[in-house]
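Trainee: For reference, the file protein.cif (mmCIF, C-alpha atoms and all ligand atoms) is included below:
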data_model
#
loop_
_atom_site.group_PDB
_atom_site.id
_atom_site.type_symbol
_atom_site.label_atom_id
_atom_site.label_comp_id
_atom_site.auth_asym_id
_atom_site.auth_seq_id
_atom_site.Cartn_x
_atom_site.Cartn_y
_atom_site.Cartn_z
ATOM 1 C CA MET A 955 -29.805 10.789 0.253
ATOM 2 C CA ASN A 956 -32.181 13.504 1.423
ATOM 3 C CA ILE A 957 -31.685 17.203 0.749
ATOM 4 C CA ALA A 958 -30.840 17.996 4.384
ATOM 5 C CA ALA A 959 -27.949 15.495 4.287
ATOM 6 C CA LEU A 960 -26.722 16.980 0.991
ATOM 7 C CA ILE A 961 -26.767 20.504 2.434
ATOM 8 C CA ALA A 962 -24.916 19.288 5.547
ATOM 9 C CA GLN A 963 -22.190 17.788 3.335
ATOM 10 C CA ILE A 964 -21.907 21.010 1.318
ATOM 11 C CA LYS A 965 -21.428 23.039 4.492
ATOM 12 C CA LYS A 966 -18.999 20.532 5.992
ATOM 13 C CA LYS A 967 -16.809 20.367 2.894
ATOM 14 C CA GLN A 968 -17.407 23.997 1.903
ATOM 15 C CA SER A 969 -17.949 22.722 -1.595
ATOM 16 C CA PHE A 970 -20.834 22.175 -3.977
ATOM 17 C CA LEU A 971 -18.659 20.542 -6.613
ATOM 18 C CA CYS A 972 -19.853 17.559 -8.629
ATOM 19 C CA VAL A 973 -17.128 15.646 -10.476
ATOM 20 C CA GLY A 974 -18.324 14.254 -13.803
ATOM 21 C CA LEU A 975 -17.095 10.754 -14.609
ATOM 22 C CA ASP A 976 -17.254 10.920 -18.430
ATOM 23 C CA THR A 977 -14.697 8.165 -18.794
ATOM 24 C CA ASP A 978 -13.401 7.721 -22.339
ATOM 25 C CA LEU A 979 -10.838 5.013 -23.132
ATOM 26 C CA ASP A 980 -9.344 7.273 -25.823
ATOM 27 C CA LYS A 981 -8.534 9.920 -23.206
ATOM 28 C CA ILE A 982 -7.417 8.053 -20.093
ATOM 29 C CA PRO A 983 -3.684 7.476 -19.447
ATOM 30 C CA LYS A 984 -2.339 4.710 -21.696
ATOM 31 C CA HIS A 985 -0.813 2.713 -18.825
ATOM 32 C CA LEU A 986 -4.322 2.085 -17.421
ATOM 33 C CA LEU A 987 -5.319 0.204 -20.583
ATOM 34 C CA ARG A 988 -3.243 -2.727 -19.255
ATOM 35 C CA GLU A 989 -5.589 -3.041 -16.221
ATOM 36 C CA GLU A 990 -8.308 -5.720 -16.214
ATOM 37 C CA ASP A 991 -11.001 -2.995 -16.012
ATOM 38 C CA PRO A 992 -9.423 0.280 -17.233
ATOM 39 C CA ILE A 993 -12.632 2.325 -16.822
ATOM 40 C CA PHE A 994 -13.034 1.337 -13.187
ATOM 41 C CA ALA A 995 -9.292 1.695 -12.491
ATOM 42 C CA PHE A 996 -9.455 5.265 -13.813
ATOM 43 C CA ASN A 997 -12.671 6.124 -11.923
ATOM 44 C CA LYS A 998 -11.366 4.679 -8.650
ATOM 45 C CA ALA A 999 -8.152 6.721 -8.869
ATOM 46 C CA ILE A 1000 -10.099 9.903 -9.744
ATOM 47 C CA ILE A 1001 -12.624 9.352 -6.925
ATOM 48 C CA ASP A 1002 -9.934 8.635 -4.289
ATOM 49 C CA ALA A 1003 -8.002 11.745 -5.357
ATOM 50 C CA THR A 1004 -10.929 14.196 -5.593
ATOM 51 C CA GLN A 1005 -13.432 13.068 -2.926
ATOM 52 C CA ALA A 1006 -12.120 15.511 -0.316
ATOM 53 C CA TYR A 1007 -13.064 18.464 -2.543
ATOM 54 C CA CYS A 1008 -16.495 17.482 -3.852
ATOM 55 C CA VAL A 1009 -19.929 16.388 -2.647
ATOM 56 C CA ALA A 1010 -21.199 14.557 -5.722
ATOM 57 C CA TYR A 1011 -20.186 12.360 -8.642
ATOM 58 C CA LYS A 1012 -21.984 12.219 -11.973
ATOM 59 C CA PRO A 1013 -21.149 9.347 -14.306
ATOM 60 C CA ASN A 1014 -22.611 10.158 -17.724
ATOM 61 C CA ILE A 1015 -24.215 6.850 -18.685
ATOM 62 C CA ALA A 1016 -23.436 7.262 -22.414
ATOM 63 C CA PHE A 1017 -19.727 6.808 -21.678
ATOM 64 C CA TYR A 1018 -20.461 3.382 -20.136
ATOM 65 C CA GLU A 1019 -23.147 2.181 -22.552
ATOM 66 C CA ALA A 1020 -20.712 2.893 -25.400
ATOM 67 C CA TYR A 1021 -18.559 -0.054 -24.208
ATOM 68 C CA GLY A 1022 -21.442 -2.554 -23.958
ATOM 69 C CA LEU A 1023 -21.410 -5.112 -21.151
ATOM 70 C CA GLU A 1024 -17.878 -4.152 -20.048
ATOM 71 C CA GLY A 1025 -18.963 -0.516 -19.717
ATOM 72 C CA TRP A 1026 -22.048 -1.458 -17.745
ATOM 73 C CA LYS A 1027 -19.956 -3.637 -15.393
ATOM 74 C CA ALA A 1028 -17.555 -0.714 -14.861
ATOM 75 C CA LEU A 1029 -20.530 1.536 -14.044
ATOM 76 C CA GLU A 1030 -21.841 -1.013 -11.503
ATOM 77 C CA LYS A 1031 -18.407 -1.221 -9.881
ATOM 78 C CA THR A 1032 -18.091 2.581 -9.803
ATOM 79 C CA ILE A 1033 -21.433 3.209 -8.090
ATOM 80 C CA GLY A 1034 -20.762 0.246 -5.769
ATOM 81 C CA TYR A 1035 -17.390 1.731 -4.828
ATOM 82 C CA LEU A 1036 -18.902 5.156 -4.153
ATOM 83 C CA ASN A 1037 -21.758 3.769 -2.059
ATOM 84 C CA THR A 1038 -19.434 1.535 -0.015
ATOM 85 C CA LYS A 1039 -16.352 3.721 0.445
ATOM 86 C CA TYR A 1040 -17.834 7.244 0.234
ATOM 87 C CA PRO A 1041 -21.553 6.952 1.160
ATOM 88 C CA GLU A 1042 -21.618 10.686 1.975
ATOM 89 C CA GLN A 1043 -21.216 11.491 -1.731
ATOM 90 C CA PHE A 1044 -24.412 12.325 -3.652
ATOM 91 C CA THR A 1045 -24.572 10.263 -6.847
ATOM 92 C CA ILE A 1046 -26.140 11.304 -10.147
ATOM 93 C CA ALA A 1047 -26.822 8.974 -13.075
ATOM 94 C CA ASP A 1048 -26.684 11.374 -16.013
ATOM 95 C CA ALA A 1049 -28.930 9.207 -18.174
ATOM 96 C CA LYS A 1050 -31.501 11.722 -19.472
ATOM 97 C CA ARG A 1051 -34.361 9.183 -19.432
ATOM 98 C CA GLY A 1052 -38.161 9.560 -19.467
ATOM 99 C CA ASP A 1053 -40.854 7.521 -21.259
ATOM 100 C CA ILE A 1054 -44.469 6.410 -20.789
ATOM 101 C CA GLY A 1055 -45.254 5.646 -17.152
ATOM 102 C CA ASN A 1056 -44.625 1.911 -16.955
ATOM 103 C CA THR A 1057 -41.311 2.306 -18.825
ATOM 104 C CA SER A 1058 -40.214 5.207 -16.609
ATOM 105 C CA THR A 1059 -40.918 2.974 -13.607
ATOM 106 C CA ARG A 1060 -38.471 0.392 -14.982
ATOM 107 C CA TYR A 1061 -35.829 3.105 -15.582
ATOM 108 C CA ALA A 1062 -36.360 4.309 -12.016
ATOM 109 C CA LYS A 1063 -35.946 0.781 -10.647
ATOM 110 C CA ALA A 1064 -32.805 0.262 -12.746
ATOM 111 C CA PHE A 1065 -31.065 3.399 -11.483
ATOM 112 C CA PHE A 1066 -32.507 3.786 -7.960
ATOM 113 C CA GLU A 1067 -32.832 0.144 -6.867
ATOM 114 C CA THR A 1068 -30.523 -2.048 -8.966
ATOM 115 C CA LEU A 1069 -27.670 0.481 -9.207
ATOM 116 C CA ASN A 1070 -28.619 2.527 -6.094
ATOM 117 C CA PHE A 1071 -27.955 6.029 -7.473
ATOM 118 C CA ASP A 1072 -29.355 8.967 -5.463
ATOM 119 C CA SER A 1073 -30.645 10.714 -8.558
ATOM 120 C CA ILE A 1074 -31.087 10.559 -12.309
ATOM 121 C CA THR A 1075 -31.355 13.229 -15.015
ATOM 122 C CA ILE A 1076 -34.683 13.211 -16.872
ATOM 123 C CA ALA A 1077 -35.854 14.770 -20.147
ATOM 124 C CA PRO A 1078 -39.205 16.511 -19.467
ATOM 125 C CA TYR A 1079 -40.557 16.306 -23.035
ATOM 126 C CA MET A 1080 -43.072 13.489 -22.376
ATOM 127 C CA GLY A 1081 -44.607 15.289 -19.411
ATOM 128 C CA LYS A 1082 -46.133 14.460 -16.038
ATOM 129 C CA ASP A 1083 -46.739 10.706 -16.356
ATOM 130 C CA SER A 1084 -43.181 10.207 -17.637
ATOM 131 C CA VAL A 1085 -41.632 12.092 -14.686
ATOM 132 C CA GLU A 1086 -43.796 11.160 -11.682
ATOM 133 C CA PRO A 1087 -42.669 7.491 -11.568
ATOM 134 C CA PHE A 1088 -39.155 8.766 -10.719
ATOM 135 C CA LEU A 1089 -40.574 10.795 -7.814
ATOM 136 C CA GLU A 1090 -42.102 7.818 -6.009
ATOM 137 C CA PHE A 1091 -38.816 6.797 -4.369
ATOM 138 C CA GLU A 1092 -38.038 8.221 -0.945
ATOM 139 C CA ASP A 1093 -34.717 10.072 -0.708
ATOM 140 C CA LYS A 1094 -34.201 9.743 -4.489
ATOM 141 C CA HIS A 1095 -34.313 12.658 -6.910
ATOM 142 C CA ALA A 1096 -35.255 13.305 -10.534
ATOM 143 C CA ILE A 1097 -33.184 16.097 -12.085
ATOM 144 C CA LEU A 1098 -35.227 17.576 -14.908
ATOM 145 C CA LEU A 1099 -33.528 19.210 -17.907
ATOM 146 C CA ALA A 1100 -34.752 22.821 -17.818
ATOM 147 C CA LEU A 1101 -32.285 25.052 -19.667
ATOM 148 C CA THR A 1102 -29.333 23.045 -20.928
ATOM 149 C CA SER A 1103 -25.770 24.257 -21.511
ATOM 150 C CA ASN A 1104 -25.504 23.525 -25.242
ATOM 151 C CA LYS A 1105 -26.217 25.847 -28.190
ATOM 152 C CA GLY A 1106 -29.141 23.674 -29.308
ATOM 153 C CA ALA A 1107 -30.945 24.723 -26.113
ATOM 154 C CA PHE A 1108 -32.134 27.754 -28.118
ATOM 155 C CA ASP A 1109 -33.906 25.517 -30.698
ATOM 156 C CA PHE A 1110 -36.810 24.785 -28.335
ATOM 157 C CA GLN A 1111 -36.146 25.648 -24.690
ATOM 158 C CA THR A 1112 -36.261 29.440 -25.077
ATOM 159 C CA LYS A 1113 -39.090 29.447 -27.642
ATOM 160 C CA ARG A 1114 -42.277 31.064 -26.393
ATOM 161 C CA LEU A 1115 -45.347 28.972 -25.713
ATOM 162 C CA LYS A 1116 -48.120 31.583 -25.690
ATOM 163 C CA ASN A 1117 -46.174 34.158 -23.652
ATOM 164 C CA GLU A 1118 -43.674 32.181 -21.661
ATOM 165 C CA GLU A 1119 -40.487 30.470 -22.773
ATOM 166 C CA LEU A 1120 -40.697 26.681 -22.832
ATOM 167 C CA TYR A 1121 -38.062 26.178 -20.112
ATOM 168 C CA LYS A 1122 -40.143 28.364 -17.775
ATOM 169 C CA GLU A 1123 -43.242 26.249 -18.490
ATOM 170 C CA VAL A 1124 -41.180 23.143 -17.712
ATOM 171 C CA LEU A 1125 -40.103 24.598 -14.361
ATOM 172 C CA ALA A 1126 -43.535 25.913 -13.371
ATOM 173 C CA THR A 1127 -45.467 22.808 -14.453
ATOM 174 C CA ALA A 1128 -43.022 20.371 -12.874
ATOM 175 C CA THR A 1129 -43.443 22.040 -9.493
ATOM 176 C CA THR A 1130 -47.102 20.890 -9.550
ATOM 177 C CA TYR A 1131 -46.167 17.197 -9.925
ATOM 178 C CA LYS A 1132 -46.758 14.729 -7.080
ATOM 179 C CA ASN A 1133 -43.680 14.614 -4.770
ATOM 180 C CA ALA A 1134 -42.228 17.664 -6.555
ATOM 181 C CA GLU A 1135 -40.041 18.289 -3.494
ATOM 182 C CA ARG A 1136 -37.871 15.435 -4.850
ATOM 183 C CA LEU A 1137 -37.205 17.340 -8.082
ATOM 184 C CA MET A 1138 -34.045 19.178 -9.044
ATOM 185 C CA PHE A 1139 -33.353 20.943 -12.341
ATOM 186 C CA VAL A 1140 -30.496 21.128 -14.848
ATOM 187 C CA VAL A 1141 -29.462 24.658 -15.825
ATOM 188 C CA GLY A 1142 -26.281 25.120 -17.858
ATOM 189 C CA ALA A 1143 -23.548 27.369 -16.444
ATOM 190 C CA THR A 1144 -23.403 28.900 -19.925
ATOM 191 C CA LYS A 1145 -26.944 30.222 -19.260
ATOM 192 C CA ALA A 1146 -26.145 31.963 -15.949
ATOM 193 C CA ASN A 1147 -27.839 35.152 -17.187
ATOM 194 C CA TYR A 1148 -31.172 33.270 -17.036
ATOM 195 C CA LEU A 1149 -30.767 32.307 -13.384
ATOM 196 C CA THR A 1150 -32.496 35.362 -11.933
ATOM 197 C CA ASP A 1151 -35.665 34.467 -13.861
ATOM 198 C CA ILE A 1152 -35.280 30.794 -13.000
ATOM 199 C CA ARG A 1153 -35.014 31.556 -9.279
ATOM 200 C CA LYS A 1154 -38.343 33.443 -9.468
ATOM 201 C CA ILE A 1155 -40.020 30.148 -10.459
ATOM 202 C CA VAL A 1156 -37.986 27.672 -8.372
ATOM 203 C CA PRO A 1157 -36.579 29.784 -5.510
ATOM 204 C CA ASN A 1158 -35.494 26.851 -3.356
ATOM 205 C CA SER A 1159 -34.884 23.915 -5.696
ATOM 206 C CA PHE A 1160 -31.431 22.447 -6.130
ATOM 207 C CA LEU A 1161 -29.969 23.080 -9.573
ATOM 208 C CA LEU A 1162 -27.423 20.802 -11.226
ATOM 209 C CA VAL A 1163 -25.225 23.185 -13.202
ATOM 210 C CA PRO A 1164 -22.935 21.640 -15.854
ATOM 211 C CA GLY A 1165 -20.826 23.745 -18.197
ATOM 212 C CA VAL A 1166 -18.090 25.145 -15.955
ATOM 213 C CA GLY A 1167 -14.614 24.319 -17.290
ATOM 214 C CA ALA A 1168 -14.526 22.852 -20.810
ATOM 215 C CA GLN A 1169 -17.744 24.657 -21.889
ATOM 216 C CA GLY A 1170 -16.590 28.029 -20.526
ATOM 217 C CA GLY A 1171 -19.374 28.789 -18.001
ATOM 218 C CA SER A 1172 -18.518 31.130 -15.111
ATOM 219 C CA LEU A 1173 -18.735 29.757 -11.573
ATOM 220 C CA LYS A 1174 -18.890 33.287 -10.168
ATOM 221 C CA GLU A 1175 -21.915 34.240 -12.309
ATOM 222 C CA VAL A 1176 -23.680 30.994 -11.413
ATOM 223 C CA CYS A 1177 -23.196 31.761 -7.712
ATOM 224 C CA THR A 1178 -24.201 35.421 -8.037
ATOM 225 C CA TYR A 1179 -27.532 34.654 -9.706
ATOM 226 C CA GLY A 1180 -28.291 31.072 -8.627
ATOM 227 C CA MET A 1181 -27.252 30.588 -4.998
ATOM 228 C CA THR A 1182 -30.006 30.328 -2.353
ATOM 229 C CA ASP A 1183 -30.073 30.401 1.461
ATOM 230 C CA ASN A 1184 -29.603 26.623 1.298
ATOM 231 C CA VAL A 1185 -26.895 26.899 -1.395
ATOM 232 C CA GLY A 1186 -29.185 25.250 -3.957
ATOM 233 C CA LEU A 1187 -26.383 24.480 -6.408
ATOM 234 C CA LEU A 1188 -24.380 21.461 -7.512
ATOM 235 C CA VAL A 1189 -21.843 22.643 -10.071
ATOM 236 C CA ASN A 1190 -20.429 19.937 -12.337
ATOM 237 C CA SER A 1191 -17.114 19.791 -14.123
ATOM 238 C CA SER A 1192 -16.132 16.661 -16.051
ATOM 239 C CA ARG A 1193 -13.343 17.044 -18.660
ATOM 240 C CA GLY A 1194 -11.816 20.045 -16.869
ATOM 241 C CA ILE A 1195 -11.066 17.819 -13.858
ATOM 242 C CA ILE A 1196 -10.676 14.227 -14.981
ATOM 243 C CA TYR A 1197 -8.489 14.944 -18.034
ATOM 244 C CA ALA A 1198 -6.310 17.595 -16.413
ATOM 245 C CA GLU A 1199 -3.297 15.409 -17.280
ATOM 246 C CA ASN A 1200 -2.925 12.028 -18.929
ATOM 247 C CA GLY A 1201 0.397 10.746 -17.643
ATOM 248 C CA ASN A 1202 1.257 8.976 -14.406
ATOM 249 C CA ASP A 1203 0.157 11.968 -12.315
ATOM 250 C CA PHE A 1204 -3.387 12.162 -13.748
ATOM 251 C CA ALA A 1205 -5.105 11.654 -10.365
ATOM 252 C CA GLN A 1206 -3.027 14.321 -8.578
ATOM 253 C CA ALA A 1207 -3.685 16.726 -11.467
ATOM 254 C CA ALA A 1208 -7.437 16.033 -11.189
ATOM 255 C CA ALA A 1209 -7.243 16.626 -7.428
ATOM 256 C CA ALA A 1210 -5.525 19.988 -8.011
ATOM 257 C CA LYS A 1211 -8.289 21.092 -10.432
ATOM 258 C CA ALA A 1212 -11.014 19.947 -8.018
ATOM 259 C CA LYS A 1213 -9.272 21.719 -5.124
ATOM 260 C CA ALA A 1214 -9.040 24.961 -7.147
ATOM 261 C CA LEU A 1215 -12.796 24.879 -7.821
ATOM 262 C CA GLN A 1216 -13.511 24.015 -4.171
ATOM 263 C CA THR A 1217 -11.425 27.014 -3.081
ATOM 264 C CA GLU A 1218 -13.508 29.306 -5.325
ATOM 265 C CA MET A 1219 -16.716 27.721 -4.003
ATOM 266 C CA LYS A 1220 -15.620 28.210 -0.391
ATOM 267 C CA ALA A 1221 -15.070 31.923 -1.096
ATOM 268 C CA GLU A 1222 -18.556 32.183 -2.646
ATOM 269 C CA LEU A 1223 -20.153 30.388 0.318
ATOM 270 C CA LYS A 1224 -18.359 32.745 2.704
ATOM 271 C CA ARG A 1225 -19.418 35.781 0.675
ATOM 272 C CA ALA A 1226 -23.029 34.585 1.016
ATOM 273 C CA ASN A 1227 -22.554 33.947 4.770
ATOM 274 C CA LEU A 1228 -23.466 30.275 4.336
ATOM 275 C CA VAL A 1229 -20.378 28.834 6.049
HETATM 276 O O1 LIG A 1301 -27.165 20.879 -20.096
HETATM 277 C C1 LIG A 1301 -26.359 19.955 -19.921
HETATM 278 C C2 LIG A 1301 -26.740 18.743 -19.405
HETATM 279 C C3 LIG A 1301 -25.777 17.792 -19.189
HETATM 280 N N1 LIG A 1301 -24.475 18.016 -19.487
HETATM 281 C C4 LIG A 1301 -23.513 16.958 -19.181
HETATM 282 O O2 LIG A 1301 -22.602 17.442 -18.169
HETATM 283 C C5 LIG A 1301 -21.271 17.042 -18.466
HETATM 284 C C6 LIG A 1301 -20.422 18.267 -18.767
HETATM 285 O O3 LIG A 1301 -19.111 17.879 -19.102
HETATM 286 P P1 LIG A 1301 -17.891 18.919 -19.260
HETATM 287 O O4 LIG A 1301 -16.766 18.043 -19.710
HETATM 288 O O5 LIG A 1301 -17.632 19.532 -17.905
HETATM 289 O O6 LIG A 1301 -18.270 19.929 -20.262
HETATM 290 C C7 LIG A 1301 -21.389 16.064 -19.632
HETATM 291 O O7 LIG A 1301 -21.576 14.771 -19.099
HETATM 292 C C8 LIG A 1301 -22.638 16.516 -20.339
HETATM 293 O O8 LIG A 1301 -23.272 15.477 -21.063
HETATM 294 C C9 LIG A 1301 -24.118 19.219 -20.019
HETATM 295 O O9 LIG A 1301 -22.921 19.476 -20.311
HETATM 296 N N2 LIG A 1301 -25.068 20.172 -20.218
#
As structure tokens, what does this structure read like?
Ligand SMILES: O=c1ccn([C@@H]2O[C@H](COP(=O)(O)O)[C@@H](O)[C@H]2O)c(=O)[nH]1
Mentor:
Amino acid sequence: MNIAALIAQIKKKQSFLCVGLDTDLDKIPKHLLREEDPIFAFNKAIIDATQAYCVAYKPNIAFYEAYGLEGWKALEKTIGYLNTKYPEQFTIADAKRGDIGNTSTRYAKAFFETLNFDSITIAPYMGKDSVEPFLEFEDKHAILLALTSNKGAFDFQTKRLKNEELYKEVLATATTYKNAERLMFVVGATKANYLTDIRKIVPNSFLLVPGVGAQGGSLKEVCTYGMTDNVGLLVNSSRGIIYAENGNDFAQAAAAKAKALQTEMKAELKRANLV
């Protein structure tokens, strides 16, 4: 999906919500464990219930790899279902990959061609030749970890390299890569106070912002400091939506949480005169 189509969806739905599919068999409703593929059964119900309120889905690949072949099959079915039934949804493989060039090319083929995701999260640590292979695919996007939502982000990302913090070097350097217009960046909602500085370096790039909900980040602060004329934000919530309830009404409860976030997002878009 290209950026123009993503922006059109955001304006149409008045939402920039990304629902995280961090599907954990220990947390899903017990009755689903009797299904042939409980992970897919859960994802399908969550997607059908929440799709009206969001523009993106982000399966975190760790939650699928943890179940071996069965997990991988459930991931394939989930992305297949999204691409067939809801092709307007932007899809993110939260895989945090990146390796020497020829290996990155294989990761890119796995997620962009075999699985047909729109985007993948990438760790920037190995630099240009580990990122550029992901940028060779038209209408596909590499989402580079810039300033992450966790506490450990302060171990390295905010350390100064000469005069500038490392996350700023990541942002500035990445914008010089070939096909950099296909890049997006991860910035944690818990780091909203850094967004003014971040927007000085990447004024127009889309940011994937996890950390609203279970991690306590503020949607309002993210919008105040991070929103651009083209919205420029995809805000993710995983546990706060998909585990809203774990009885028979889990999908309706997830829909209610997604709708509540979409309502807040609509107000922010209106405040910014974007819808
Ligand atoms: O900086 C980051 C990068 C990725 N994540 C991922 O996003 C979701 C957040 O889940 P919640 O349940 O809404 O907290 C999860 O998949 C993380 O691995 C992040 O949180 N922060």
Trainee: First collect every listed atom of region 1037-1043 of chain A; then fit an axis-aligned box around them, widen it by 6 Å on each side, and give centre and edge lengths in Å to one decimal, as AutoDock Vina command-line options.
Mentor:
--center_x -19.1 --center_y 6.5 --center_z 0.0 --size_x 17.4 --size_y 22.0 --size_z 16.0
Trainee: Please return as a list in words the residues found within 7 Å of ligand LIG 1301 (chain A), counting all atoms listed in the file.
Mentor: Gly974, Asp976, Asn1014, Asp1048, Leu1099, Leu1101, Thr1102, Ser1103, Asn1104, Val1140, Val1141, Gly1142, Pro1164, Gly1165, Val1166, Gly1167, Ala1168, Gln1169, Asn1190, Ser1191, Ser1192, Arg1193 and Gly1194 of chain A
Trainee: Which residues are near Ala959 (chain A)? Cut-off 12 Å, all atoms listed in the file, ignore same chain within fewer than 6 positions. Put them as a ChimeraX atom specification.
Mentor: /A:965-966,1009,1041-1044,1072,1093,1184
Trainee: Please identify all polymer residues within 10 Å of Tyr1035 (chain A), counting all atoms listed in the file, omitting same-chain residues fewer than 5 positions from it, and present them as a PyMOL selection string.
Mentor: chain A and resi 994+997-998+1001+1029-1030+1040-1041
Trainee: Could you take the residues named above and write them with C-alpha atoms, as an mmCIF file, keeping the file's coordinate frame?
Mentor:
data_model
loop_
_atom_site.group_PDB
_atom_site.id
_atom_site.type_symbol
_atom_site.label_atom_id
_atom_site.label_comp_id
_atom_site.auth_asym_id
_atom_site.auth_seq_id
_atom_site.Cartn_x
_atom_site.Cartn_y
_atom_site.Cartn_z
ATOM 1 C CA PHE A 994 -13.034 1.337 -13.187
ATOM 2 C CA ASN A 997 -12.671 6.124 -11.923
ATOM 3 C CA LYS A 998 -11.366 4.679 -8.650
ATOM 4 C CA ILE A 1001 -12.624 9.352 -6.925
ATOM 5 C CA LEU A 1029 -20.530 1.536 -14.044
ATOM 6 C CA GLU A 1030 -21.841 -1.013 -11.503
ATOM 7 C CA TYR A 1040 -17.834 7.244 0.234
ATOM 8 C CA PRO A 1041 -21.553 6.952 1.160
#
Trainee: Between A:Leu1089, A:Val1156, A:Ala1016, A:Leu1162, single out the one closest to Lys1132 (chain A), counting only C-alpha atoms.
Mentor: A:Leu1089
Trainee: Can you pull out every residue within 12 Å of Ala1198 (chain A), counting only C-alpha atoms, but drop anything in the same chain fewer than 5 positions away, and send it as a ChimeraX atom specification?
Mentor: /A:981-983,1000,1167-1168,1191-1193,1203-1212
Trainee: Find, counting all atoms listed in the file, the residue in A:Lys1063, A:Asp980, A:Asn1133, A:Ala1006 that gets nearest to Ile964 (chain A).
Mentor: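 The shortest atom-to-atom distance to Ile964 (chain A) comes from A:Ala1006.
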Trainee: Here is a test: counting all atoms listed in the file, which residue of A:Tyr1197, A:Phe1071, A:Phe1091, A:Tyr1179 is nearest to Ile1015 (chain A)?
Mentor: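 Of all the options, A:Phe1071 lies closest to Ile1015 (chain A).
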Trainee: So that each row is one residue of region 1137-1209 of chain A with an atom at most 12 Å from region 1077-1087 of chain A, can you give its shortest atom pair and the distance in Å to one decimal, using all atoms listed in the file, rows by chain and rising number, as JSON lines?
Mentor:
{"residue": "A:Leu1137", "atom": "CA", "partner": "A:Val1085", "partner_atom": "CA", "distance": 9.5}
{"residue": "A:Met1138", "atom": "CA", "partner": "A:Val1085", "partner_atom": "CA", "distance": 11.8}
{"residue": "A:Phe1139", "atom": "CA", "partner": "A:Pro1078", "partner_atom": "CA", "distance": 10.2}
{"residue": "A:Val1140", "atom": "CA", "partner": "A:Ala1077", "partner_atom": "CA", "distance": 9.9}
Trainee: Just C-alpha atoms for this one: save the residues we selected as a compact mmCIF listing (two decimals), keeping the file's coordinate frame.
Mentor:
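As a result, again38.txt now contains:
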# COMPACT_ATOMS: atom_id res chain seq x y z
CA LEU A 1137 -37.20 17.34 -8.08
CA MET A 1138 -34.04 19.18 -9.04
CA PHE A 1139 -33.35 20.94 -12.34
CA VAL A 1140 -30.50 21.13 -14.85
Trainee: Can you work out which one of A:Phe1108, A:Phe996, A:Tyr1007, A:Tyr1061 has the shortest atom-to-atom distance to Ser969 (chain A), counting all atoms listed in the file?
Mentor: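 Counting all atoms listed in the file, the residue closest to Ser969 (chain A) is A:Tyr1007.
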Trainee: Pick from A:Ala1107, A:Glu1118, A:Asp1183, A:Ile1097: nearest to Arg1136 (chain A), with all atoms listed in the file counted?
Mentor: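 The answer is A:Ile1097, which sits nearest to Arg1136 (chain A).
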Trainee: Which polymer residues have any atom within 9 Å of an atom of Lys1174 (chain A), counting all atoms listed in the file, with same-chain residues fewer than 3 positions away left out, as a PDB file with C-alpha atoms, keeping the file's coordinate frame?
Mentor:
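The resulting around_12.pdb:
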ATOM      1  CA  CYS A1177     -23.196  31.761  -7.712  1.00  0.00           C
ATOM      2  CA  THR A1178     -24.201  35.421  -8.037  1.00  0.00           C
ATOM      3  CA  TYR A1179     -27.532  34.654  -9.706  1.00  0.00           C
ATOM      4  CA  GLU A1218     -13.508  29.306  -5.325  1.00  0.00           C
ATOM      5  CA  MET A1219     -16.716  27.721  -4.003  1.00  0.00           C
ATOM      6  CA  GLU A1222     -18.556  32.183  -2.646  1.00  0.00           C
TER       7      GLU A1222
END
Trainee: Between A:Ala1126, A:Ala1100, A:Val1163, A:Leu1115, which one has atoms that come closest to Leu1188 (chain A), using only C-alpha atoms?
Mentor: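 Between A:Ala1126, A:Ala1100, A:Val1163, A:Leu1115, the residue approaching Leu1188 (chain A) most closely is A:Val1163.
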Trainee: Measure the distance from CA of Gly1034 (chain A) to CA of Tyr1011 (chain A) in Å and round it to one decimal.
Mentor: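 So the two atoms, CA of Gly1034 (chain A) and CA of Tyr1011 (chain A), lie 12.5 Å apart.
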Trainee: One decimal, in Å: what's the spacing between CA of Glu1067 (chain A) and CA of Phe970 (chain A)?
Mentor: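 CA of Phe970 (chain A) lies 25.3 Å from CA of Glu1067 (chain A).
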Trainee: To one decimal place, how far is CA of Thr1038 (chain A) from CA of Ser1073 (chain A) in Å?
Mentor: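 Computing it gives 16.8 Å between the two atoms.
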Trainee: At a cut-off of 9 Å, using all atoms listed in the file, what residues contact Asp978 (chain A)? Leave out same-chain residues fewer than 4 positions from it and give the result as an NGL selection string.
Mentor: :A and (982 or 993 or 1017-1018)
Trainee: Name every residue that the PyMOL selection byres (((chain A and resi 1122) around 9) and not hetatm) selects in this structure, writing the answer as a list in words with chains first and numbers rising.
Mentor: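 The output of the PyMOL selection byres (((chain A and resi 1122) around 9) and not hetatm) on this file is Ala1100, Leu1101, Gln1111, Thr1112, Glu1118, Glu1119, Leu1120, Tyr1121, Glu1123, Val1124, Leu1125, Ala1126, Thr1127, Asp1151, Ile1152 and Ile1155 of chain A.
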